[in-house]
Amino acid sequence: MPKLTMVQAINLALHQEMEKDESVLVMGQDIGKNGGVFRLTDGLQDKFGEDRAIDTPLAESAIIGSAIGMAINGLKPVAEIQFSGFSYLTLGQLEGNAARFRNRTLGKFTVPLVLRMPFGGGVRALEHHSESKETYYAHTAGVKTIIPSTPQTAYRLLLGAIRDPDPVVFMEPKHSYRAFKEEFEADGEAMELGKARIVQEGTDITVISWGAMLHRTEKVIEDVVDKHGVSVELIDLQSIAPMDAQTIADSVKKTGRAVIVQEAQKTLGPASEIISLINDNALMYLEAPVKRVTGYDIVMPYFARENNQIPSIERITDAIEETLAF
Amino acid sequence: MPSKVIARFDVSYLQILDENGKVDKGLEPKLPREKLLEMYRVMMRARRLDERLLKMQRQGRVGTLPVSVGQEASSGAAAMAMAEEDWFVGSYREVAGRIAMGEEMHKPMLIYGGFEEGNYNEDIPRLLPLAVILGSQIPHAVGIAYASKLRGEKSAVLAFNGDGAASEGDWHEALNFASVWKSPSVFVVQNNHWAISTPLSKQMNSETIAQRGIAYGMPCLQVDGNDALAVYKATKEALDRARKGEGPTLIEALTYRMLMHTTADDPKKYRSDEEAEEWKKRDPITRFKIYLQGKKLWNDKKEAELEEEIKQEIDAAVKYYENFKEFKLDQPFDHQFGTEVASLVEQRAEYNKYAR
């Protein structure tokens, strides 16, 4: 198997699942002939036709709204929102309807749809193309919010999302789309949603991150390990909602220290919830206060300054070293 | 500046049964006797159910609720034009339409009594629950229709909303999607002239809502929404076209909300009694009764029998509702997701410890 980027991995997952299950379709702006602005849906329209790879009019709320109808009537739509910055127009339908149909009708009408969207900074784009607002979705009961970090996990988590019986918001860290390639198994195996992934085991400190920040954090950890000879456990959160309290608690009980690295702004970001979970489940095991490295509570700056908003190598290093030294 | 006309459009209006119950023979649909009687029965059951629900609300036996009095033809006759395989996507002012679909009367009582259990009908798989967020149901209708079309089914979707919801972005977006996709859907706008306290004149500056269909490239017309025959005929033709693959239609049904928006407002505060009195003369049920009497299909004896039958049906529904005591307290935890979620298992345990 050749090495693949995340873009290729997601594209492959869509190809395979549409081949396997004819109720799966993709829809969104420019996803057909153009293959999506990031080419995630490349080739799908050629292979499956315009009816199953739908170039929609430009209206985010109707994209998810019609996808809800399709899902109610037996399809499994995978809708793409071009950038997460435009996805807030889907929030009304997501919170008001997609998230509620199952409960509203006691399981009679369900909405198995996936809302895919690239998010996060680092691509020198215009305003609204760089923020990390996973909290909006994670705070919606009835919806699962997933963020993959690697080609292999993006492939498996997307298969898991499509096969899930409920709405899933699938946020793709666009900075990682083509940042690296990875050895890859395209075996059609889905990954269970709701589980964090232990990237590397360790005993001295737990570091939790997700999306593009995971890779920056990995680099920091290599240096910290080299410099201090410590053993670091790195967790890829993957599932923002539901959150894997068990894996987090087990790790912190073992290490007694934790640092969380998130690209999203500070207040009420996923890190806040992780700290609460540690408080609930592992407080008495802590040997140092839990630290979080996050964006600030400011509007996402244009890209000339965005490097100061996104957690830097230096900030992550300081947080880990301070927590180790406490 | 030199210019030329590149397009011209018309909006037509259909009325078959005028407000005095006089029928236009040329336009009268040829409906079997049973269908006409059923149409009357549906509208009467809806009217009486609304009246009882209102009474129950005033007695504190159910919570806040909207009523549809005056709009029995615009949703009821439309729903009666549906085929078995069609879907019904409503808002919350289609009591008659839901009754025509076969919904039992205890269902709305359960909803307005605070139970999700009122929202689904095991035996009516193509009836969607109430949609409370205005206009948000219209894109769903388009998606449902798309799925049917993709599978090659001969099935259409009948969707409802009001004049207020026709200002919502979702409504406009959905009509555009429906037209681009040639989606087998029919959109009935019950223009009852009031969105709570907002009159049509403050809702829009268009002459009709129907003409918006022209903008989106779909057939459209305005009908007398208090004329069951006109509503039926327009909807039937539109649904037939949709099922034949000829795309969506927009029907604006002119009607009037005779009572309050919900039990939480008083129309006297924002509109005149005179206006309401004027519309009373155009009552959809009264004129349909005159029509039936003219055809010798109806008389006082039949009316009395029907009233008694409806009273018994409503009494039975109230009894069902009042006896609905064995509900499962932790049911909300059953239906958040179709898969088990660990945090909810934990939270359910805490909920159950305190739930009463």
# chains A, B, ... in the order shown; residues from 1 in each chain; ligands from 1
>>> closest_atom_pairs(of="chain A", to="chain B", cutoff="6 Å", atoms="only C-alpha atoms", output="Markdown table")
| residue | atom | partner | partner_atom | distance |
| --- | --- | --- | --- | --- |
| A:Ala62 | CA | B:Pro139 | CA | 5.6 |
| A:Gly65 | CA | B:Pro139 | CA | 4.8 |
| A:Ser66 | CA | B:Gly143 | CA | 3.9 |
| A:Ala67 | CA | B:Gly143 | CA | 5.8 |
| A:Ile68 | CA | B:His140 | CA | 5.8 |
| A:Gly69 | CA | B:His140 | CA | 3.9 |
| A:Met70 | CA | B:Gly143 | CA | 4.5 |
| A:Asn73 | CA | B:Ile144 | CA | 5.4 |
| A:Arg102 | CA | B:His335 | CA | 5.9 |
| A:Asn103 | CA | B:His335 | CA | 4.7 |
| A:Arg104 | CA | B:Glu116 | CA | 5.7 |
| A:Thr105 | CA | B:Tyr120 | CA | 5.4 |
| A:Leu106 | CA | B:His335 | CA | 5.9 |
| A:Gly107 | CA | B:His335 | CA | 5.9 |
| A:Gly142 | CA | B:Gln336 | CA | 5.2 |
| A:Pro165 | CA | B:Gly338 | CA | 5.9 |
>>> select_by_dssp(residues="range 86-300 of chain B", states="alpha helix (DSSP H)", output="number ranges by chain")
B: 95-100, 106-112, 137-150, 169-180, 200-203, 212-215, 228-243, 273-280, 284-294, 300
>>> select_by_dssp(residues="range 227-299 of chain B", states="strand (DSSP E)", output="mmCIF file with N, CA and C atoms, in the first residue's frame")
data_model
loop_
_atom_site.group_PDB
_atom_site.id
_atom_site.type_symbol
_atom_site.label_atom_id
_atom_site.label_comp_id
_atom_site.auth_asym_id
_atom_site.auth_seq_id
_atom_site.Cartn_x
_atom_site.Cartn_y
_atom_site.Cartn_z
ATOM 1 N N THR B 249 -44.171 22.463 -7.121
ATOM 2 C CA THR B 249 -45.181 23.517 -7.320
ATOM 3 C C THR B 249 -45.338 24.290 -6.019
ATOM 4 N N LEU B 250 -45.575 25.571 -6.160
ATOM 5 C CA LEU B 250 -45.886 26.407 -4.995
ATOM 6 C C LEU B 250 -47.350 26.814 -5.036
ATOM 7 N N ILE B 251 -48.060 26.511 -3.967
ATOM 8 C CA ILE B 251 -49.475 26.892 -3.869
ATOM 9 C C ILE B 251 -49.649 27.813 -2.665
ATOM 10 N N GLU B 252 -50.136 28.996 -2.918
ATOM 11 C CA GLU B 252 -50.446 29.903 -1.808
ATOM 12 C C GLU B 252 -51.943 29.792 -1.530
ATOM 13 N N ALA B 253 -52.279 29.349 -0.350
ATOM 14 C CA ALA B 253 -53.684 29.190 0.024
ATOM 15 C C ALA B 253 -54.089 30.354 0.923
ATOM 16 N N LEU B 254 -54.947 31.227 0.407
ATOM 17 C CA LEU B 254 -55.386 32.386 1.191
ATOM 18 C C LEU B 254 -56.421 31.955 2.218
#
>>> atom_distance(atom1="CA of Tyr232 in chain B", atom2="CA of Ala78 in chain B")
5.1 Å
>>> residues_around(residues="range 93-104 of chain B", least_positions_apart="6", cutoff="9 Å", atoms="only C-alpha atoms", output="short mmCIF file (atom, residue, chain, number, x, y, z; two decimals) with N, CA, C and O atoms, in the first residue's frame")
data_model
loop_
_atom_site.label_atom_id
_atom_site.label_comp_id
_atom_site.auth_asym_id
_atom_site.auth_seq_id
_atom_site.Cartn_x
_atom_site.Cartn_y
_atom_site.Cartn_z
N GLU B 38 -66.13 12.71 3.28
CA GLU B 38 -64.94 12.56 4.11
C GLU B 38 -64.24 13.91 4.31
O GLU B 38 -63.74 14.23 5.38
N MET B 39 -64.25 14.70 3.27
CA MET B 39 -63.64 16.03 3.35
C MET B 39 -64.34 16.87 4.43
O MET B 39 -63.70 17.54 5.24
N VAL B 42 -63.47 15.42 7.89
CA VAL B 42 -62.11 15.79 8.32
C VAL B 42 -62.11 17.21 8.88
O VAL B 42 -61.57 17.49 9.95
N MET B 43 -62.74 18.13 8.15
CA MET B 43 -62.73 19.53 8.59
C MET B 43 -63.49 19.71 9.91
O MET B 43 -63.06 20.44 10.79
N MET B 44 -64.59 19.00 10.01
CA MET B 44 -65.38 19.10 11.25
C MET B 44 -64.63 18.50 12.45
O MET B 44 -64.66 19.05 13.55
N ARG B 45 -63.99 17.37 12.21
CA ARG B 45 -63.23 16.75 13.31
C ARG B 45 -62.11 17.67 13.76
O ARG B 45 -61.84 17.82 14.95
N ALA B 46 -61.46 18.31 12.80
CA ALA B 46 -60.36 19.23 13.15
C ALA B 46 -60.90 20.41 13.95
O ALA B 46 -60.33 20.82 14.96
N ARG B 47 -62.01 20.97 13.50
CA ARG B 47 -62.59 22.14 14.17
C ARG B 47 -62.94 21.80 15.62
O ARG B 47 -62.60 22.52 16.56
N LEU B 49 -61.87 19.32 17.42
CA LEU B 49 -60.68 18.98 18.21
C LEU B 49 -59.98 20.25 18.69
O LEU B 49 -59.59 20.37 19.86
N ASP B 50 -59.83 21.21 17.79
CA ASP B 50 -59.22 22.48 18.18
C ASP B 50 -59.99 23.12 19.32
O ASP B 50 -59.41 23.63 20.29
N PRO B 66 -51.04 25.92 19.69
CA PRO B 66 -51.59 26.69 18.57
C PRO B 66 -52.88 26.02 18.10
O PRO B 66 -53.03 24.81 18.23
N VAL B 67 -53.81 26.78 17.59
CA VAL B 67 -55.02 26.19 17.01
C VAL B 67 -55.10 26.59 15.53
O VAL B 67 -54.47 27.55 15.10
N SER B 68 -55.87 25.81 14.79
CA SER B 68 -55.94 26.02 13.34
C SER B 68 -57.33 26.43 12.87
O SER B 68 -57.63 26.34 11.68
N VAL B 69 -58.18 26.86 13.80
CA VAL B 69 -59.57 27.17 13.44
C VAL B 69 -59.62 28.16 12.28
O VAL B 69 -58.96 29.21 12.31
N GLN B 71 -58.69 27.27 9.23
CA GLN B 71 -57.76 26.80 8.19
C GLN B 71 -57.97 25.33 7.87
O GLN B 71 -57.06 24.66 7.38
N GLU B 72 -59.16 24.83 8.13
CA GLU B 72 -59.40 23.40 7.95
C GLU B 72 -59.32 22.97 6.50
O GLU B 72 -58.89 21.84 6.21
N ALA B 73 -59.73 23.85 5.58
CA ALA B 73 -59.68 23.46 4.17
C ALA B 73 -58.26 23.48 3.64
O ALA B 73 -57.84 22.59 2.90
N SER B 74 -57.49 24.49 4.05
CA SER B 74 -56.18 24.67 3.41
C SER B 74 -55.19 23.56 3.76
O SER B 74 -54.31 23.26 2.97
N SER B 75 -55.32 22.94 4.93
CA SER B 75 -54.46 21.77 5.14
C SER B 75 -55.22 20.47 4.94
O SER B 75 -54.68 19.51 4.39
N GLY B 76 -56.49 20.44 5.35
CA GLY B 76 -57.26 19.19 5.28
C GLY B 76 -57.52 18.73 3.86
O GLY B 76 -57.24 17.57 3.49
N ALA B 77 -58.02 19.63 3.02
CA ALA B 77 -58.33 19.24 1.64
C ALA B 77 -57.04 18.95 0.88
O ALA B 77 -57.01 18.07 0.01
N ALA B 78 -55.97 19.67 1.22
CA ALA B 78 -54.68 19.41 0.55
C ALA B 78 -54.22 17.99 0.86
O ALA B 78 -53.81 17.25 -0.03
N ALA B 79 -54.28 17.63 2.14
CA ALA B 79 -53.81 16.29 2.53
C ALA B 79 -54.67 15.20 1.89
O ALA B 79 -54.18 14.11 1.60
N MET B 80 -55.94 15.54 1.66
CA MET B 80 -56.81 14.52 1.05
C MET B 80 -56.50 14.29 -0.42
O MET B 80 -56.97 13.33 -1.02
N MET B 82 -53.51 13.64 -1.36
CA MET B 82 -52.28 12.83 -1.37
C MET B 82 -52.58 11.38 -1.75
O MET B 82 -53.67 10.87 -1.54
N ASN B 121 -46.38 8.29 14.79
CA ASN B 121 -47.53 7.46 14.52
C ASN B 121 -47.04 6.18 13.87
O ASN B 121 -46.63 6.17 12.72
N ASP B 123 -48.43 3.76 12.64
CA ASP B 123 -49.10 3.30 11.42
C ASP B 123 -49.08 4.31 10.28
O ASP B 123 -49.62 4.07 9.21
N ILE B 124 -48.48 5.48 10.54
CA ILE B 124 -48.45 6.49 9.48
C ILE B 124 -46.98 6.87 9.26
O ILE B 124 -46.51 7.93 9.70
N LEU B 127 -45.68 10.52 7.88
CA LEU B 127 -46.16 11.76 8.51
C LEU B 127 -45.07 12.26 9.45
O LEU B 127 -44.77 11.63 10.46
N LEU B 130 -44.52 17.61 14.17
CA LEU B 130 -44.62 19.08 14.11
C LEU B 130 -43.23 19.68 13.96
O LEU B 130 -42.26 19.17 14.52
N PHE B 160 -45.98 22.03 4.23
CA PHE B 160 -46.78 23.19 4.65
C PHE B 160 -45.95 24.20 5.43
O PHE B 160 -45.06 23.83 6.20
N ASN B 161 -46.29 25.45 5.25
CA ASN B 161 -45.80 26.49 6.17
C ASN B 161 -46.75 27.67 6.05
O ASN B 161 -47.69 27.65 5.25
N GLY B 162 -46.48 28.71 6.84
CA GLY B 162 -47.36 29.87 6.83
C GLY B 162 -46.73 31.07 6.15
O GLY B 162 -45.62 30.99 5.63
N GLN B 190 -49.91 28.27 3.78
CA GLN B 190 -51.20 28.71 4.34
C GLN B 190 -51.03 30.17 4.72
O GLN B 190 -50.54 30.48 5.81
N ALA B 317 -60.32 10.23 23.14
CA ALA B 317 -58.94 10.72 23.07
C ALA B 317 -58.54 11.37 24.39
O ALA B 317 -57.45 11.16 24.92
#
>>> residues_around(residues="Leu229 in chain B", least_positions_apart="5", cutoff="12 Å", atoms="only C-alpha atoms", output="tab-separated table (two decimals) with N, CA and C atoms, in the first residue's frame")
chain	number	residue	atom	x	y	z
B	14	LEU	N	-57.32	30.54	-8.06
B	14	LEU	CA	-58.36	29.53	-8.25
B	14	LEU	C	-59.35	29.55	-7.10
B	15	GLN	N	-60.61	29.72	-7.48
B	15	GLN	CA	-61.70	29.54	-6.52
B	15	GLN	C	-62.77	28.74	-7.23
B	16	ILE	N	-63.28	27.72	-6.56
B	16	ILE	CA	-64.33	26.88	-7.17
B	16	ILE	C	-65.64	27.06	-6.41
B	17	LEU	N	-65.49	27.13	-5.11
B	17	LEU	CA	-66.66	27.26	-4.24
B	17	LEU	C	-66.58	28.63	-3.58
B	18	ASP	N	-67.49	29.53	-3.93
B	18	ASP	CA	-67.35	30.88	-3.37
B	18	ASP	C	-67.83	30.91	-1.92
B	21	GLY	N	-71.02	29.38	-0.88
B	21	GLY	CA	-71.22	27.97	-1.15
B	21	GLY	C	-71.67	27.68	-2.57
B	22	LYS	N	-71.55	28.69	-3.44
B	22	LYS	CA	-71.95	28.51	-4.84
B	22	LYS	C	-70.75	27.93	-5.61
B	23	VAL	N	-71.02	26.87	-6.36
B	23	VAL	CA	-69.91	26.19	-7.03
B	23	VAL	C	-69.80	26.60	-8.49
B	24	ASP	N	-68.57	26.72	-8.97
B	24	ASP	CA	-68.31	26.97	-10.38
B	24	ASP	C	-68.31	25.62	-11.07
B	25	LYS	N	-69.38	25.35	-11.77
B	25	LYS	CA	-69.57	24.01	-12.38
B	25	LYS	C	-68.45	23.64	-13.35
B	27	LEU	N	-65.36	24.30	-13.12
B	27	LEU	CA	-64.11	23.97	-12.44
B	27	LEU	C	-64.27	22.85	-11.41
B	28	GLU	N	-65.50	22.54	-11.08
B	28	GLU	CA	-65.77	21.59	-10.01
B	28	GLU	C	-65.10	20.23	-10.26
B	29	PRO	N	-64.27	19.77	-9.32
B	29	PRO	CA	-63.65	18.46	-9.53
B	29	PRO	C	-64.70	17.36	-9.37
B	30	LYS	N	-64.55	16.32	-10.16
B	30	LYS	CA	-65.55	15.24	-10.11
B	30	LYS	C	-65.13	14.25	-9.02
B	31	LEU	N	-65.58	14.53	-7.84
B	31	LEU	CA	-65.19	13.68	-6.72
B	31	LEU	C	-66.34	12.77	-6.31
B	35	LYS	N	-65.83	10.78	-0.98
B	35	LYS	CA	-64.68	11.68	-0.81
B	35	LYS	C	-65.16	13.04	-0.30
B	36	LEU	N	-66.26	13.52	-0.84
B	36	LEU	CA	-66.79	14.81	-0.41
B	36	LEU	C	-67.23	14.75	1.05
B	39	MET	N	-64.25	14.70	3.27
B	39	MET	CA	-63.64	16.03	3.35
B	39	MET	C	-64.34	16.87	4.43
B	40	TYR	N	-65.64	16.80	4.42
B	40	TYR	CA	-66.41	17.55	5.43
B	40	TYR	C	-66.12	17.00	6.82
B	73	ALA	N	-59.73	23.85	5.58
B	73	ALA	CA	-59.68	23.46	4.17
B	73	ALA	C	-58.26	23.48	3.64
B	74	SER	N	-57.49	24.49	4.05
B	74	SER	CA	-56.18	24.67	3.41
B	74	SER	C	-55.19	23.56	3.76
B	75	SER	N	-55.32	22.94	4.93
B	75	SER	CA	-54.46	21.77	5.14
B	75	SER	C	-55.22	20.47	4.94
B	76	GLY	N	-56.49	20.44	5.35
B	76	GLY	CA	-57.26	19.19	5.28
B	76	GLY	C	-57.52	18.73	3.86
B	77	ALA	N	-58.02	19.63	3.02
B	77	ALA	CA	-58.33	19.24	1.64
B	77	ALA	C	-57.04	18.95	0.88
B	78	ALA	N	-55.97	19.67	1.22
B	78	ALA	CA	-54.68	19.41	0.55
B	78	ALA	C	-54.22	17.99	0.86
B	80	MET	N	-55.94	15.54	1.66
B	80	MET	CA	-56.81	14.52	1.05
B	80	MET	C	-56.50	14.29	-0.42
B	81	ALA	N	-55.67	15.16	-0.98
B	81	ALA	CA	-55.26	14.97	-2.38
B	81	ALA	C	-54.04	14.06	-2.49
B	223	VAL	N	-54.67	30.10	-4.38
B	223	VAL	CA	-56.03	29.54	-4.33
B	223	VAL	C	-56.77	30.12	-3.14
B	224	ASP	N	-58.08	30.05	-3.21
B	224	ASP	CA	-58.89	30.41	-2.05
B	224	ASP	C	-58.70	29.27	-1.04
B	234	ALA	N	-56.01	21.99	-6.81
B	234	ALA	CA	-54.66	22.52	-7.07
B	234	ALA	C	-53.60	21.56	-6.54
B	235	THR	N	-53.85	21.04	-5.34
B	235	THR	CA	-52.86	20.16	-4.73
B	235	THR	C	-52.76	18.83	-5.48
B	236	LYS	N	-53.92	18.32	-5.87
B	236	LYS	CA	-53.94	17.04	-6.59
B	236	LYS	C	-53.16	17.15	-7.89
B	253	ALA	N	-52.28	29.35	-0.35
B	253	ALA	CA	-53.68	29.19	0.02
B	253	ALA	C	-54.09	30.35	0.92
B	284	PRO	N	-64.52	28.06	5.89
B	284	PRO	CA	-64.42	26.96	4.93
B	284	PRO	C	-65.43	25.84	5.18
B	285	ILE	N	-65.81	25.66	6.43
B	285	ILE	CA	-66.72	24.56	6.74
B	285	ILE	C	-68.16	24.92	6.37
B	287	ARG	N	-69.29	26.98	4.10
B	287	ARG	CA	-69.57	26.98	2.67
B	287	ARG	C	-69.57	25.56	2.10
B	288	PHE	N	-68.75	24.70	2.68
B	288	PHE	CA	-68.70	23.32	2.17
B	288	PHE	C	-69.99	22.58	2.54
B	291	TYR	N	-72.59	23.54	0.13
B	291	TYR	CA	-72.32	22.81	-1.11
B	291	TYR	C	-72.87	21.38	-1.03
B	292	LEU	N	-72.59	20.72	0.10
B	292	LEU	CA	-73.07	19.34	0.28
B	292	LEU	C	-74.60	19.29	0.33
>>> residues_around(residues="His129 in chain A", least_positions_apart="4", cutoff="8 Å", atoms="only C-alpha atoms", output="list in words")
Phe83, Ser84, Gly85, Phe119, Gly120, Gly121 and Ala125 of chain A
>>> closest_residue(among="A:Met284, A:Val261, A:Ala304, A:Ile162", to="Ala249 in chain A", atoms="only C-alpha atoms")
A:Met284
>>> atom_distance(atom1="CA of Ala212 in chain A", atom2="CA of Ser176 in chain A")
5.7 Å
>>> closest_residue(among="A:Gln238, A:Tyr302, A:Glu189, A:Ile205", to="Ala319 in chain A", atoms="only C-alpha atoms")
A:Ile205
>>> residues_around(residues="Asp42 in chain A", least_positions_apart="6", cutoff="12 Å", atoms="only C-alpha atoms", output="list in words")
Val7, Gln8, Ala9, Ile10, Asn11, Leu12, Ala13, Leu14, His15, Val26, Asp30, Ile31, Gly32, Lys33, Asn34, Gly35, Gly36, Phe48 and Ala53 of chain A
>>> write_last_selection(atoms="N, CA, C and O atoms", output="PDB file, in the first residue's frame")
ATOM      1  N   VAL A   7      -5.963  13.921   2.673  1.00  0.00           N
ATOM      2  CA  VAL A   7      -6.906  14.182   1.578  1.00  0.00           C
ATOM      3  C   VAL A   7      -7.171  12.886   0.816  1.00  0.00           C
ATOM      4  O   VAL A   7      -8.327  12.523   0.538  1.00  0.00           O
ATOM      5  N   GLN A   8      -6.110  12.164   0.492  1.00  0.00           N
ATOM      6  CA  GLN A   8      -6.271  10.921  -0.265  1.00  0.00           C
ATOM      7  C   GLN A   8      -6.997   9.855   0.568  1.00  0.00           C
ATOM      8  O   GLN A   8      -7.798   9.090   0.042  1.00  0.00           O
ATOM      9  N   ALA A   9      -6.713   9.849   1.856  1.00  0.00           N
ATOM     10  CA  ALA A   9      -7.328   8.845   2.732  1.00  0.00           C
ATOM     11  C   ALA A   9      -8.835   9.059   2.846  1.00  0.00           C
ATOM     12  O   ALA A   9      -9.626   8.114   2.775  1.00  0.00           O
ATOM     13  N   ILE A  10      -9.231  10.330   2.998  1.00  0.00           N
ATOM     14  CA  ILE A  10     -10.664  10.642   3.102  1.00  0.00           C
ATOM     15  C   ILE A  10     -11.356  10.353   1.773  1.00  0.00           C
ATOM     16  O   ILE A  10     -12.440   9.780   1.723  1.00  0.00           O
ATOM     17  N   ASN A  11     -10.692  10.738   0.698  1.00  0.00           N
ATOM     18  CA  ASN A  11     -11.248  10.479  -0.632  1.00  0.00           C
ATOM     19  C   ASN A  11     -11.444   8.969  -0.859  1.00  0.00           C
ATOM     20  O   ASN A  11     -12.469   8.524  -1.372  1.00  0.00           O
ATOM     21  N   LEU A  12     -10.481   8.201  -0.411  1.00  0.00           N
ATOM     22  CA  LEU A  12     -10.566   6.745  -0.569  1.00  0.00           C
ATOM     23  C   LEU A  12     -11.717   6.171   0.259  1.00  0.00           C
ATOM     24  O   LEU A  12     -12.466   5.304  -0.198  1.00  0.00           O
ATOM     25  N   ALA A  13     -11.851   6.678   1.481  1.00  0.00           N
ATOM     26  CA  ALA A  13     -12.951   6.203   2.348  1.00  0.00           C
ATOM     27  C   ALA A  13     -14.302   6.473   1.672  1.00  0.00           C
ATOM     28  O   ALA A  13     -15.188   5.619   1.673  1.00  0.00           O
ATOM     29  N   LEU A  14     -14.439   7.667   1.072  1.00  0.00           N
ATOM     30  CA  LEU A  14     -15.702   8.011   0.404  1.00  0.00           C
ATOM     31  C   LEU A  14     -15.935   7.097  -0.800  1.00  0.00           C
ATOM     32  O   LEU A  14     -17.040   6.586  -1.008  1.00  0.00           O
ATOM     33  N   HIS A  15     -14.889   6.882  -1.599  1.00  0.00           N
ATOM     34  CA  HIS A  15     -15.010   5.979  -2.752  1.00  0.00           C
ATOM     35  C   HIS A  15     -15.469   4.594  -2.310  1.00  0.00           C
ATOM     36  O   HIS A  15     -16.406   4.019  -2.874  1.00  0.00           O
ATOM     37  N   VAL A  26     -22.634  11.960  -1.571  1.00  0.00           N
ATOM     38  CA  VAL A  26     -21.938  13.172  -1.130  1.00  0.00           C
ATOM     39  C   VAL A  26     -22.605  14.380  -1.780  1.00  0.00           C
ATOM     40  O   VAL A  26     -23.158  14.280  -2.876  1.00  0.00           O
ATOM     41  N   ASP A  30     -19.435  22.737  -5.050  1.00  0.00           N
ATOM     42  CA  ASP A  30     -18.233  22.443  -5.851  1.00  0.00           C
ATOM     43  C   ASP A  30     -17.618  21.078  -5.571  1.00  0.00           C
ATOM     44  O   ASP A  30     -16.442  20.859  -5.825  1.00  0.00           O
ATOM     45  N   ILE A  31     -18.404  20.165  -5.060  1.00  0.00           N
ATOM     46  CA  ILE A  31     -17.827  18.862  -4.702  1.00  0.00           C
ATOM     47  C   ILE A  31     -17.809  17.886  -5.887  1.00  0.00           C
ATOM     48  O   ILE A  31     -17.149  16.858  -5.829  1.00  0.00           O
ATOM     49  N   GLY A  32     -18.528  18.230  -6.953  1.00  0.00           N
ATOM     50  CA  GLY A  32     -18.652  17.302  -8.076  1.00  0.00           C
ATOM     51  C   GLY A  32     -17.524  17.423  -9.074  1.00  0.00           C
ATOM     52  O   GLY A  32     -16.450  16.844  -8.879  1.00  0.00           O
ATOM     53  N   LYS A  33     -17.752  18.167 -10.114  1.00  0.00           N
ATOM     54  CA  LYS A  33     -16.731  18.324 -11.171  1.00  0.00           C
ATOM     55  C   LYS A  33     -15.407  18.795 -10.604  1.00  0.00           C
ATOM     56  O   LYS A  33     -14.344  18.317 -10.971  1.00  0.00           O
ATOM     57  N   ASN A  34     -15.500  19.751  -9.704  1.00  0.00           N
ATOM     58  CA  ASN A  34     -14.288  20.342  -9.133  1.00  0.00           C
ATOM     59  C   ASN A  34     -13.654  19.449  -8.071  1.00  0.00           C
ATOM     60  O   ASN A  34     -12.509  19.632  -7.693  1.00  0.00           O
ATOM     61  N   GLY A  35     -14.404  18.485  -7.573  1.00  0.00           N
ATOM     62  CA  GLY A  35     -13.869  17.583  -6.552  1.00  0.00           C
ATOM     63  C   GLY A  35     -13.690  18.227  -5.188  1.00  0.00           C
ATOM     64  O   GLY A  35     -12.957  17.717  -4.342  1.00  0.00           O
ATOM     65  N   GLY A  36     -14.370  19.356  -4.979  1.00  0.00           N
ATOM     66  CA  GLY A  36     -14.240  20.068  -3.702  1.00  0.00           C
ATOM     67  C   GLY A  36     -13.050  21.012  -3.755  1.00  0.00           C
ATOM     68  O   GLY A  36     -12.087  20.760  -4.477  1.00  0.00           O
ATOM     69  N   PHE A  48     -19.778   7.923  -9.626  1.00  0.00           N
ATOM     70  CA  PHE A  48     -21.123   7.613  -9.103  1.00  0.00           C
ATOM     71  C   PHE A  48     -22.233   8.496  -9.683  1.00  0.00           C
ATOM     72  O   PHE A  48     -23.398   8.317  -9.347  1.00  0.00           O
ATOM     73  N   ALA A  53     -23.261  12.421  -6.303  1.00  0.00           N
ATOM     74  CA  ALA A  53     -22.197  13.379  -5.946  1.00  0.00           C
ATOM     75  C   ALA A  53     -22.741  14.731  -6.402  1.00  0.00           C
ATOM     76  O   ALA A  53     -22.497  15.176  -7.515  1.00  0.00           O
TER      77      ALA A  53
END
>>> atom_distance(atom1="CA of Glu309 in chain B", atom2="CA of Leu37 in chain B")
14.2 Å
>>> residues_around(residues="Asn192 in chain B", least_positions_apart="6", cutoff="6 Å", atoms="only C-alpha atoms", output="VMD selection string")
chain B and resid 255 to 257
>>> closest_residue(among="A:Leu91, A:Leu234, A:Val114, A:Ala288", to="Met27 in chain A", atoms="only C-alpha atoms")
A:Val114
>>> closest_residue(among="B:Ala210, B:Val62, B:Leu134, B:Leu297", to="His106 in chain B", atoms="only C-alpha atoms")
B:Val62
